[in-house]
Protein chains: 2
Amino acid sequence: MASVSNRVARGYDRRMSPAPIPDLFPSLATLSADSRALLEASVTRIACAGGTPLVARGDLVTGAYLVERGALRVYYVSAEGREGTLYWVEPGQSCILALNCMFSRLAYPAWVESEGATEVTIVPGDVYRRLFASEPAVQSFTFDVLSGRLFELMALIEETASQGLEARVAAFLLRRAKGGAAVAVTQDQIARHLATSREVVSRVLRGLVARRLIATTQGRITIVDPPALRGLAE
Amino acid sequence: MASVSNRVARGYDRRMSPAPIPDLFPSLATLSADSRALLEASVTRIACAGGTPLVARGDLVTGAYLVERGALRVYYVSAEGREGTLYWVEPGQSCILALNCMFSRLAYPAWVESEGATEVTIVPGDVYRRLFASEPAVQSFTFDVLSGRLFELMALIEETASQGLEARVAAFLLRRAKGGAAVAVTQDQIARHLATSREVVSRVLRGLVARRLIATTQGRITIVDPPALRGLAE
DNA sequence: AACGGGGTGTGACTTTGGTTCCAGCCTCGG
DNA sequence: CCGAGGCTGGAACCAAAGTCACACCCCGTT
């Protein structure tokens, strides 16, 4: 805890190997002894607090990011400066665009920041490439991650194109609540996730409060009527 | 030619193997003899005219689609019935969502139709899976296709979110023209690609005509001032 | 030559969401 | 206890784009 915030003082901390391979990635447990040793010897680990910028658009990313704790938020920034979240990389997942850039040596097309206290293990590009070539587990892991993202992005496109802001806010709240009733989030954060402005979010929330679907306090939204909210989100 | 339109009379034609493996896919040329034989013996080929519906949302897709001629248009349909194109699969490319569904046995999340007279080779799911496991060429081909689509979709999201309709129409025309000056497309088709309505497209085009960037006739748009149009599209 | 159907042009209106601006409100630190 | 700064509420206004309702035009067919 204390060490995390210390690291944050200088952005983030790159602790060199040896670093343990996270248990979160079961497919890595099936690697051959050689591969495992190679992996153990080459990974780097990063720990950082929420809101730390990790990748900017155009950066040349050279490794695969495996998230252990916290989350990575992958987002774009429009010409007018509005942000929109493309997706989150949660514990046990990998940042796929990083993989992508790594293989094709392309510049990263989006921004990435940490959300909450986050720990990430980084596998260097050449190591990952070797593992991908020889280890079926890595191949299928890579495939799964990539195709999962594709589905998410397709769903996002459809959602933004065909649903009004109210439905999108409702969906966002439900996703964030994960079954619970309270969501700790500010209006400004919602606006940044949905690529709109804080005032508009305020207006939408006002409407939901008036209809007794939610209740709001500072930095926290409580879902009062989950079924109705789900109905809105379709 | 004649045979194509004959086939179209009953939708499309499934010609069973033996079918040659298309030259368009160089990576397939590097397969082992065994793999190549397996592939040759199992592929199916489809030929159809433009506008033939090939996959509907929710279909269970069981093969990898390799496009040889024409194109596949992958699109979504919003609740209000508006269509929007997600991407095109051109000759030498593969329909990646099909791959995806094939591996994970998920239902296909979008619609697919042919655009122009089209020929597609279909590799059955289990065959592709075996090839993916053993052939490095297939692994990297799959990876490339998937990650290419990811980049395209990210670009699409950013474009729709941050650019006005005029810029998007301009970009669409330029993409379609491919360097040439004339684009054979109706306003209605443009509207369907960009998930908007015909009237709005008409309005936008009117503006472009007034500024002498393009000229329009029935079913055909001529780009008069390419640099200015590129400027609009950013 | 008349007809019919797809493609197009256009105005008027509505809706949604973005912008501006400001006032009030929590809450943490001094 | 007070002030600063982040958070919220809300009015007024504006702009972009979707909708509705037509009239027209081009072109191949009858």
# chains A, B, ... in the order shown; residues from 1 in each chain; ligands from 1
$ interface_residues --of "chain B" --to "chain D" --cutoff "8 Å" --atoms "only C-alpha atoms (C1' of nucleotides)" --output "list of chain:residue names"
B:Ser197, B:Val200, B:Gln218
$ residues_around --residues "B:Leu38" --least-positions-apart "6" --cutoff "10 Å" --atoms "only C-alpha atoms (C1' of nucleotides)" --output "number ranges by chain"
B: 32, 127-128, 130-131
$ interface_residues --of "chain B" --to "chain C" --cutoff "12 Å" --atoms "only C-alpha atoms (C1' of nucleotides)" --output "number ranges by chain"
B: 185-189, 198-206, 216-220
$ closest_atom_pairs --of "chain A" --to "chain B" --cutoff "6 Å" --atoms "only C-alpha atoms" --output "CSV"
residue,atom,partner,partner_atom,distance
A:Ser78,CA,B:Ser162,CA,5.2
A:Asn100,CA,B:Ser147,CA,5.9
A:Ser147,CA,B:Asn100,CA,5.9
A:Leu150,CA,B:Leu150,CA,5.9
A:Ser162,CA,B:Ser78,CA,5.1
$ atom_distance --atom1 "atom CA of A:Arg230" --atom2 "atom CA of A:Tyr87"
20.5 Å
$ atom_distance --atom1 "atom CA of B:Pro53" --atom2 "atom CA of B:Glu152"
22.7 Å
$ select_by_dssp --residues "stretch 1-225 of chain A" --states "helix (DSSP H, G or I)" --output "ChimeraX atom specification"
/A:2-9,26-30,33-42,96-104,125-134,136-162,165-177,187-193,198-210
$ select_by_dssp --residues "stretch 50-153 of chain B" --states "strand (DSSP E or B)" --output "number ranges by chain"
B: 53-55, 60, 63-77, 83-89, 94-95, 107, 111-124
